[in-house]
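Shown here: target_2.cif, mmCIF, C-alpha atoms.
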```
data_entry
#
loop_
_atom_site.group_PDB
_atom_site.id
_atom_site.type_symbol
_atom_site.label_atom_id
_atom_site.label_comp_id
_atom_site.auth_asym_id
_atom_site.auth_seq_id
_atom_site.Cartn_x
_atom_site.Cartn_y
_atom_site.Cartn_z
ATOM 1 C CA MET A 131 0.000 0.000 0.000
ATOM 2 C CA THR A 132 2.976 2.329 0.549
ATOM 3 C CA ARG A 133 3.713 2.490 -3.188
ATOM 4 C CA VAL A 134 0.130 3.601 -3.848
ATOM 5 C CA ARG A 135 0.361 6.255 -1.131
ATOM 6 C CA VAL A 136 3.602 7.667 -2.567
ATOM 7 C CA LEU A 137 2.075 7.784 -6.053
ATOM 8 C CA MET A 138 -1.111 9.413 -4.716
ATOM 9 C CA SER A 139 0.915 12.047 -2.819
ATOM 10 C CA LEU A 140 3.000 12.885 -5.917
ATOM 11 C CA ALA A 141 -0.153 13.100 -8.029
ATOM 12 C CA ALA A 142 -1.888 15.340 -5.454
ATOM 13 C CA VAL A 143 1.051 17.803 -5.450
ATOM 14 C CA ALA A 144 1.179 17.840 -9.271
ATOM 15 C CA VAL A 145 -2.600 18.313 -9.569
ATOM 16 C CA GLY A 146 -2.388 21.170 -7.026
ATOM 17 C CA ILE A 147 0.306 22.935 -9.114
ATOM 18 C CA GLY A 148 -1.735 22.388 -12.290
ATOM 19 C CA LEU A 149 -4.873 23.775 -10.635
ATOM 20 C CA TRP A 150 -3.015 26.850 -9.412
ATOM 21 C CA LEU A 151 -1.576 27.506 -12.916
ATOM 22 C CA ALA A 152 -4.994 27.065 -14.563
ATOM 23 C CA LEU A 153 -6.773 29.387 -12.123
ATOM 24 C CA THR A 154 -4.099 32.112 -12.204
ATOM 25 C CA ALA A 155 -3.561 32.285 -16.001
ATOM 26 C CA PRO A 156 -4.934 35.507 -17.556
ATOM 27 C CA PRO A 157 -8.533 35.194 -18.848
ATOM 28 C CA ASP A 158 -8.951 34.699 -22.604
ATOM 29 C CA ALA A 159 -10.023 37.693 -24.749
ATOM 30 C CA LEU A 160 -12.890 35.744 -26.347
ATOM 31 C CA GLN A 161 -13.725 32.943 -23.910
ATOM 32 C CA GLY A 162 -13.092 34.895 -20.697
ATOM 33 C CA GLU A 163 -12.805 32.784 -17.538
ATOM 34 C CA TYR A 164 -14.210 29.717 -19.325
ATOM 35 C CA ALA A 165 -10.851 29.229 -21.089
ATOM 36 C CA ARG A 166 -9.570 27.966 -17.709
ATOM 37 C CA LEU A 167 -11.552 24.780 -18.318
ATOM 38 C CA LEU A 168 -8.850 23.895 -20.867
ATOM 39 C CA GLY A 169 -6.715 23.182 -17.804
ATOM 40 C CA ILE A 170 -8.887 20.139 -17.044
ATOM 41 C CA HIS A 171 -10.861 19.056 -20.145
ATOM 42 C CA PRO A 172 -8.014 18.075 -22.538
ATOM 43 C CA PRO A 173 -5.906 16.448 -19.745
ATOM 44 C CA THR A 174 -8.819 14.228 -18.632
ATOM 45 C CA MET A 175 -9.489 13.122 -22.211
ATOM 46 C CA TRP A 176 -5.754 12.486 -22.717
ATOM 47 C CA VAL A 177 -5.812 10.165 -19.687
ATOM 48 C CA ALA A 178 -8.902 8.412 -21.065
ATOM 49 C CA PHE A 179 -7.096 7.752 -24.382
ATOM 50 C CA LEU A 180 -3.981 6.614 -22.507
ATOM 51 C CA ALA A 181 -6.047 4.308 -20.279
ATOM 52 C CA PHE A 182 -7.815 2.635 -23.188
ATOM 53 C CA GLY A 183 -4.492 2.296 -25.045
ATOM 54 C CA VAL A 184 -2.947 0.602 -22.001
ATOM 55 C CA THR A 185 -5.992 -1.689 -21.846
ATOM 56 C CA ALA A 186 -5.528 -2.707 -25.489
ATOM 57 C CA PHE A 187 -1.823 -3.426 -24.945
ATOM 58 C CA SER A 188 -2.520 -5.413 -21.739
ATOM 59 C CA SER A 189 -5.345 -7.298 -23.421
ATOM 60 C CA ILE A 190 -3.066 -8.370 -26.289
ATOM 61 C CA MET A 191 -0.404 -9.357 -23.730
ATOM 62 C CA TRP A 192 -2.991 -11.467 -21.860
ATOM 63 C CA LEU A 193 -3.971 -13.213 -25.094
ATOM 64 C CA ILE A 194 -0.269 -14.053 -25.628
ATOM 65 C CA LYS A 195 0.895 -14.791 -22.052
ATOM 66 C CA LYS A 196 -2.376 -15.715 -20.269
ATOM 67 C CA THR A 197 -1.145 -14.320 -16.939
ATOM 68 C CA ASP A 198 -3.356 -12.644 -14.311
ATOM 69 C CA ARG A 199 -1.278 -9.483 -14.066
ATOM 70 C CA TRP A 200 -2.151 -8.411 -17.660
ATOM 71 C CA ASP A 201 -5.849 -9.039 -17.021
ATOM 72 C CA ARG A 202 -5.713 -7.006 -13.796
ATOM 73 C CA LEU A 203 -3.905 -4.126 -15.543
ATOM 74 C CA ALA A 204 -6.383 -4.118 -18.458
ATOM 75 C CA SER A 205 -9.475 -4.032 -16.233
ATOM 76 C CA ALA A 206 -8.002 -1.483 -13.789
ATOM 77 C CA SER A 207 -7.095 0.790 -16.684
ATOM 78 C CA VAL A 208 -10.621 0.634 -18.144
ATOM 79 C CA GLU A 209 -12.197 1.517 -14.793
ATOM 80 C CA VAL A 210 -9.947 4.567 -14.349
ATOM 81 C CA GLY A 211 -10.401 5.495 -18.033
ATOM 82 C CA VAL A 212 -14.191 5.469 -17.645
ATOM 83 C CA VAL A 213 -13.965 7.811 -14.616
ATOM 84 C CA PHE A 214 -11.769 10.235 -16.588
ATOM 85 C CA THR A 215 -14.017 10.028 -19.679
ATOM 86 C CA ALA A 216 -16.991 10.952 -17.465
ATOM 87 C CA VAL A 217 -15.071 13.975 -16.158
ATOM 88 C CA GLY A 218 -13.990 14.868 -19.726
ATOM 89 C CA LEU A 219 -17.588 14.718 -20.992
ATOM 90 C CA PHE A 220 -18.822 16.800 -18.054
ATOM 91 C CA THR A 221 -16.154 19.529 -18.357
ATOM 92 C CA GLY A 222 -16.630 19.590 -22.142
ATOM 93 C CA MET A 223 -20.373 20.123 -21.721
ATOM 94 C CA VAL A 224 -19.845 23.024 -19.308
ATOM 95 C CA TRP A 225 -17.344 24.594 -21.719
ATOM 96 C CA GLY A 226 -19.700 23.948 -24.680
ATOM 97 C CA GLN A 227 -22.609 25.653 -22.917
ATOM 98 C CA ALA A 228 -20.435 28.714 -22.272
ATOM 99 C CA VAL A 229 -18.679 28.981 -25.634
ATOM 100 C CA TRP A 230 -20.951 27.253 -28.188
ATOM 101 C CA GLY A 231 -24.217 28.117 -26.449
ATOM 102 C CA THR A 232 -25.162 24.438 -26.109
ATOM 103 C CA PRO A 233 -23.773 21.683 -23.877
ATOM 104 C CA TRP A 234 -24.452 18.915 -26.396
ATOM 105 C CA ASP A 235 -25.142 18.343 -30.095
ATOM 106 C CA TRP A 236 -26.472 14.899 -31.005
ATOM 107 C CA GLN A 237 -25.238 15.307 -34.595
ATOM 108 C CA ASP A 238 -21.664 16.180 -33.668
ATOM 109 C CA PRO A 239 -19.115 13.465 -34.617
ATOM 110 C CA ARG A 240 -16.605 14.301 -31.821
ATOM 111 C CA LEU A 241 -19.203 14.391 -29.056
ATOM 112 C CA MET A 242 -21.076 11.311 -30.251
ATOM 113 C CA SER A 243 -17.952 9.210 -30.885
ATOM 114 C CA THR A 244 -16.740 10.081 -27.358
ATOM 115 C CA LEU A 245 -20.110 9.076 -25.895
ATOM 116 C CA VAL A 246 -20.107 5.781 -27.821
ATOM 117 C CA MET A 247 -16.541 5.082 -26.598
ATOM 118 C CA PHE A 248 -17.692 5.813 -23.007
ATOM 119 C CA PHE A 249 -20.592 3.348 -23.284
ATOM 120 C CA VAL A 250 -18.471 0.638 -24.956
ATOM 121 C CA TYR A 251 -16.036 0.709 -22.009
ATOM 122 C CA ILE A 252 -18.938 0.678 -19.526
ATOM 123 C CA GLY A 253 -20.016 -2.409 -21.485
ATOM 124 C CA TYR A 254 -16.515 -3.859 -20.926
ATOM 125 C CA LEU A 255 -16.994 -3.463 -17.151
ATOM 126 C CA ALA A 256 -20.499 -4.985 -17.383
ATOM 127 C CA LEU A 257 -19.059 -7.937 -19.336
ATOM 128 C CA ARG A 258 -16.499 -8.564 -16.594
ATOM 129 C CA ASN A 259 -19.240 -8.575 -13.955
ATOM 130 C CA ALA A 260 -21.377 -10.966 -16.009
ATOM 131 C CA VAL A 261 -18.815 -13.794 -16.221
ATOM 132 C CA ASP A 262 -17.895 -15.830 -13.112
ATOM 133 C CA ASP A 263 -15.084 -17.983 -14.449
ATOM 134 C CA PRO A 264 -11.819 -15.965 -14.230
ATOM 135 C CA THR A 265 -10.253 -17.455 -17.392
ATOM 136 C CA VAL A 266 -13.375 -17.015 -19.524
ATOM 137 C CA ARG A 267 -13.804 -13.489 -18.126
ATOM 138 C CA ALA A 268 -10.186 -12.603 -18.909
ATOM 139 C CA ARG A 269 -10.383 -14.007 -22.452
ATOM 140 C CA ARG A 270 -13.673 -12.294 -23.355
ATOM 141 C CA SER A 271 -12.635 -8.947 -21.909
ATOM 142 C CA ALA A 272 -9.174 -9.195 -23.542
ATOM 143 C CA ILE A 273 -10.796 -9.607 -26.969
ATOM 144 C CA LEU A 274 -13.111 -6.648 -26.318
ATOM 145 C CA GLY A 275 -10.269 -4.548 -24.870
ATOM 146 C CA ALA A 276 -8.064 -5.210 -27.903
ATOM 147 C CA VAL A 277 -10.829 -4.430 -30.413
ATOM 148 C CA ALA A 278 -12.474 -1.448 -28.670
ATOM 149 C CA VAL A 279 -9.299 0.650 -28.893
ATOM 150 C CA VAL A 280 -10.033 1.408 -32.569
ATOM 151 C CA GLN A 281 -12.382 4.074 -31.222
ATOM 152 C CA VAL A 282 -9.532 6.101 -29.727
ATOM 153 C CA PRO A 283 -8.011 7.328 -33.045
ATOM 154 C CA LEU A 284 -11.550 7.696 -34.408
ATOM 155 C CA VAL A 285 -12.482 10.041 -31.535
ATOM 156 C CA TYR A 286 -9.160 11.930 -31.702
ATOM 157 C CA PHE A 287 -9.190 12.509 -35.482
ATOM 158 C CA SER A 288 -12.965 13.013 -35.782
ATOM 159 C CA VAL A 289 -12.376 16.795 -35.659
ATOM 160 C CA ASN A 290 -10.156 16.527 -38.757
ATOM 161 C CA MET A 291 -12.286 14.017 -40.653
ATOM 162 C CA PHE A 292 -15.761 15.503 -40.170
ATOM 163 C CA ARG A 293 -17.470 18.872 -39.876
ATOM 164 C CA THR A 294 -17.895 19.367 -36.111
ATOM 165 C CA LEU A 295 -18.630 22.038 -33.510
ATOM 166 C CA HIS A 296 -15.496 20.979 -31.675
ATOM 167 C CA GLN A 297 -12.346 22.842 -32.663
ATOM 168 C CA THR A 298 -9.337 20.997 -34.087
ATOM 169 C CA GLN A 299 -6.291 20.129 -31.927
ATOM 170 C CA SER A 300 -4.889 23.119 -29.971
ATOM 171 C CA ILE A 301 -1.330 21.770 -30.162
ATOM 172 C CA ARG A 302 -0.168 20.996 -33.716
ATOM 173 C CA PRO A 303 3.248 20.410 -35.323
ATOM 174 C CA ASP A 304 3.188 24.033 -36.575
ATOM 175 C CA GLY A 305 2.676 25.433 -33.057
ATOM 176 C CA SER A 306 -0.043 26.084 -30.470
ATOM 177 C CA SER A 307 -3.184 28.207 -30.790
ATOM 178 C CA MET A 308 -3.212 28.892 -27.026
ATOM 179 C CA PRO A 309 -1.568 31.632 -24.921
ATOM 180 C CA ASP A 310 1.643 30.439 -23.232
ATOM 181 C CA GLU A 311 0.236 30.608 -19.671
ATOM 182 C CA MET A 312 -2.792 28.454 -20.488
ATOM 183 C CA LEU A 313 -0.671 26.091 -22.587
ATOM 184 C CA MET A 314 1.647 25.637 -19.586
ATOM 185 C CA ALA A 315 -1.332 24.969 -17.267
ATOM 186 C CA MET A 316 -2.699 22.391 -19.693
ATOM 187 C CA LEU A 317 0.650 20.598 -20.119
ATOM 188 C CA VAL A 318 1.331 20.536 -16.351
ATOM 189 C CA ASN A 319 -2.170 19.142 -15.812
ATOM 190 C CA MET A 320 -1.530 16.486 -18.448
ATOM 191 C CA VAL A 321 1.537 15.321 -16.501
ATOM 192 C CA ALA A 322 -0.363 15.605 -13.179
ATOM 193 C CA PHE A 323 -3.349 13.629 -14.432
ATOM 194 C CA THR A 324 -1.053 10.986 -15.916
ATOM 195 C CA LEU A 325 0.501 10.577 -12.447
ATOM 196 C CA LEU A 326 -3.000 10.396 -10.976
ATOM 197 C CA TYR A 327 -3.880 7.710 -13.542
ATOM 198 C CA VAL A 328 -0.821 5.649 -12.564
ATOM 199 C CA ALA A 329 -1.700 6.012 -8.851
ATOM 200 C CA LEU A 330 -5.354 5.039 -9.338
ATOM 201 C CA VAL A 331 -4.483 2.054 -11.541
ATOM 202 C CA ALA A 332 -1.945 0.886 -8.921
ATOM 203 C CA ALA A 333 -4.629 1.239 -6.209
ATOM 204 C CA ARG A 334 -7.186 -0.658 -8.323
ATOM 205 C CA ILE A 335 -4.713 -3.487 -9.018
ATOM 206 C CA ASP A 336 -3.969 -3.615 -5.298
ATOM 207 C CA VAL A 337 -7.698 -4.052 -4.540
ATOM 208 C CA ALA A 338 -8.013 -6.799 -7.189
ATOM 209 C CA LYS A 339 -5.001 -8.662 -5.710
ATOM 210 C CA VAL A 340 -6.324 -8.451 -2.131
ATOM 211 C CA GLU A 341 -9.802 -9.593 -3.200
ATOM 212 C CA ALA A 342 -8.308 -12.532 -5.131
ATOM 213 C CA GLU A 343 -6.257 -13.568 -2.067
ATOM 214 C CA MET A 344 -9.370 -13.503 0.125
ATOM 215 C CA LEU A 345 -11.219 -16.015 -2.087
ATOM 216 C CA PRO A 346 -11.012 -19.628 -0.826
ATOM 217 C CA GLU A 347 -8.785 -22.001 -2.829
ATOM 218 C CA GLY A 348 -10.454 -22.971 -6.111
ATOM 219 C CA ALA A 349 -13.478 -20.751 -5.547
ATOM 220 C CA VAL A 350 -14.945 -18.725 -8.373
ATOM 221 C CA ALA A 351 -16.164 -15.184 -7.669
ATOM 222 C CA GLY A 352 -19.961 -15.075 -7.698
ATOM 223 C CA GLU A 353 -20.358 -18.742 -6.801
ATOM 224 C CA ALA A 354 -21.646 -17.945 -3.333
ATOM 225 C CA VAL A 355 -24.574 -15.938 -4.655
ATOM 226 C CA ARG A 356 -25.784 -18.522 -7.189
ATOM 227 C CA PRO A 357 -29.545 -18.968 -6.652
ATOM 228 C CA PRO A 358 -30.731 -22.475 -5.612
ATOM 229 C CA ARG A 359 -32.124 -24.652 -8.405
ATOM 230 C CA LEU A 360 -35.397 -26.559 -8.012
ATOM 231 C CA SER A 361 -33.716 -29.871 -8.846
ATOM 232 C CA GLU A 362 -31.355 -29.364 -5.885
ATOM 233 C CA VAL A 363 -34.146 -28.840 -3.339
ATOM 234 C CA GLU A 364 -35.049 -32.114 -1.631
ATOM 235 C CA ASP A 365 -37.503 -31.120 1.073
ATOM 236 C CA VAL A 366 -40.364 -29.124 -0.517
ATOM 237 C CA MET B 704 -18.149 36.740 -11.210
ATOM 238 C CA SER B 705 -20.662 34.118 -12.403
ATOM 239 C CA GLU B 706 -18.070 32.856 -14.913
ATOM 240 C CA THR B 707 -15.586 32.287 -12.074
ATOM 241 C CA ILE B 708 -18.235 30.429 -10.040
ATOM 242 C CA VAL B 709 -18.994 28.123 -12.994
ATOM 243 C CA VAL B 710 -15.291 27.431 -13.622
ATOM 244 C CA VAL B 711 -14.430 26.808 -9.946
ATOM 245 C CA GLY B 712 -17.593 24.711 -9.523
ATOM 246 C CA THR B 713 -16.677 22.594 -12.545
ATOM 247 C CA TYR B 714 -13.184 21.959 -11.164
ATOM 248 C CA LEU B 715 -14.684 21.151 -7.758
ATOM 249 C CA ILE B 716 -17.208 18.639 -9.134
ATOM 250 C CA SER B 717 -14.544 17.021 -11.357
ATOM 251 C CA TYR B 718 -12.038 16.612 -8.526
ATOM 252 C CA THR B 719 -14.802 15.346 -6.222
ATOM 253 C CA LEU B 720 -15.603 12.581 -8.724
ATOM 254 C CA ILE B 721 -11.939 11.529 -9.015
ATOM 255 C CA VAL B 722 -11.296 11.729 -5.251
ATOM 256 C CA GLY B 723 -14.572 9.860 -4.694
ATOM 257 C CA TYR B 724 -13.297 7.020 -6.863
ATOM 258 C CA ALA B 725 -10.007 6.936 -4.893
ATOM 259 C CA VAL B 726 -11.956 6.783 -1.607
ATOM 260 C CA TYR B 727 -14.159 4.001 -3.033
ATOM 261 C CA LEU B 728 -11.024 1.958 -3.830
ATOM 262 C CA HIS B 729 -9.655 2.592 -0.336
ATOM 263 C CA VAL B 730 -12.907 1.470 1.344
ATOM 264 C CA ARG B 731 -13.160 -1.598 -0.914
ATOM 265 C CA ARG B 732 -9.618 -2.632 -0.015
ATOM 266 C CA ARG B 733 -10.287 -2.215 3.715
ATOM 267 C CA ARG B 734 -13.473 -4.282 3.454
ATOM 268 C CA ALA B 735 -11.607 -7.045 1.609
ATOM 269 C CA THR B 736 -8.962 -7.334 4.341
ATOM 270 C CA ARG B 737 -11.381 -7.117 7.280
#
```

For this file, write the structure as structure tokens.
Amino acid sequence: MTRVRVLMSLAAVAVGIGLWLALTAPPDALQGEYARLLGIHPPTMWVAFLAFGVTAFSSIMWLIKKTDRWDRLASASVEVGVVFTAVGLFTGMVWGQAVWGTPWDWQDPRLMSTLVMFFVYIGYLALRNAVDDPTVRARRSAILGAVAVVQVPLVYFSVNMFRTLHQTQSIRPDGSSMPDEMLMAMLVNMVAFTLLYVALVAARIDVAKVEAEMLPEGAVAGEAVRPPRLSEVEDV
Amino acid sequence: MSETIVVVGTYLISYTLIVGYAVYLHVRRRRATR
């Protein structure tokens, strides 16, 4: 648990610095104070993409090696990725309401592809809860985790491929469209949130390990709550 | 002023969600070892 605490402490300090930079940067000429939301919205979505990428890599590694550690990493990464996607959607909607005049557009390719990605990874977590046998669960979720990652480039490049309300990337090879202070806040927050991601994944893996150790030898999770079958009841 | 309240509120809600998840993991671990 000490490793998790150290990681959490480092992440907390980094997030604090990022928050301070985002809230003290000068307001934007067009977006006013709302531009400060760029200190949290892109970093959370970056972590979501990272998390789902790590899941895909771990899933492929599980399919090759068939070891528990890759399955634990894949599932932990999805759980953290879903939390960060939820935060990314929420902060994006607040920013959209302020700058576009609407929090959501059901026709928008960036918004809809992000929402679909969010639901697919919630489906991944539901799939894991639906299967009792650890090997079957690991195999099914590894296949889904390896396939579902195709959405990540689709979401990222949707602003270049389609007509969308969402602006294109703020940081491009030819430079940044943001003021230096806000760019710095966003980059520091990206590092801070990445640290937070590592800490949360480590904590989630820790929980999975402890829960696995607590199961009796040979037991399958969910076995204890299996409902009785009529054929097994002798005294009716 | 209202812009600042919206921005600070958004940060607050976002961090609450993330910290809430960390607390959930902590409680789940404690329950597993009890």

* Give the residues of chain B that lie within 9 Å of chain A; count only C-alpha atoms, and format the answer as a ChimeraX atom specification. => /B:706-707,709-711,713-714,716-718,720-721,724-725,728-729,731-733,735-736

* **Distance query A:Thr185 at most 9 Å, all atoms listed in the file, self and fewer than 6 positions along chain excluded, as a ChimeraX atom specification** => /A:200-201,203-208,272,275-276,279

* **Output of the PyMOL selection byres ((chain A and resi 318) around 9), listed as a PyMOL selection string** => chain A and resi 144-145+147-148+151+169+173+313-317+319-323

* Which of these residues is nearest to B:Val722, using all atoms listed in the file: A:Met242, A:Asp158, A:Ala141, A:Thr215? ->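 Residue with the minimum atom-to-atom distance to B:Val722: A:Ala141.
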
* Residues matched by the PyMOL selection byres ((chain A and resi 289) around 12) as a ChimeraX atom specification -> /A:238-244,283-288,290-300

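Atom CA of A:Tyr327 sits 24.4 Å away from atom CA of A:Lys196.
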
* To do: In Å, rounded to a single decimal, give me how far atom CA of A:Arg269 is from atom CA of A:Lys195.
  =>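 Separating atom CA of A:Lys195 from atom CA of A:Arg269 is a distance of 11.3 Å.
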
* Structure fact -> Atom pair atom CA of A:Ile301 + atom CA of A:Gly146, distance 23.2 Å

Starting from 6 Å padding per side, set up an axis-aligned box that covers all listed atoms of stretch 719-736 of chain B and hand over centre and edge lengths in Å, one decimal, as AutoDock Vina command-line options.
```
--center_x -12.3 --center_y 4.0 --center_z -2.3 --size_x 18.6 --size_y 34.7 --size_z 25.4
```
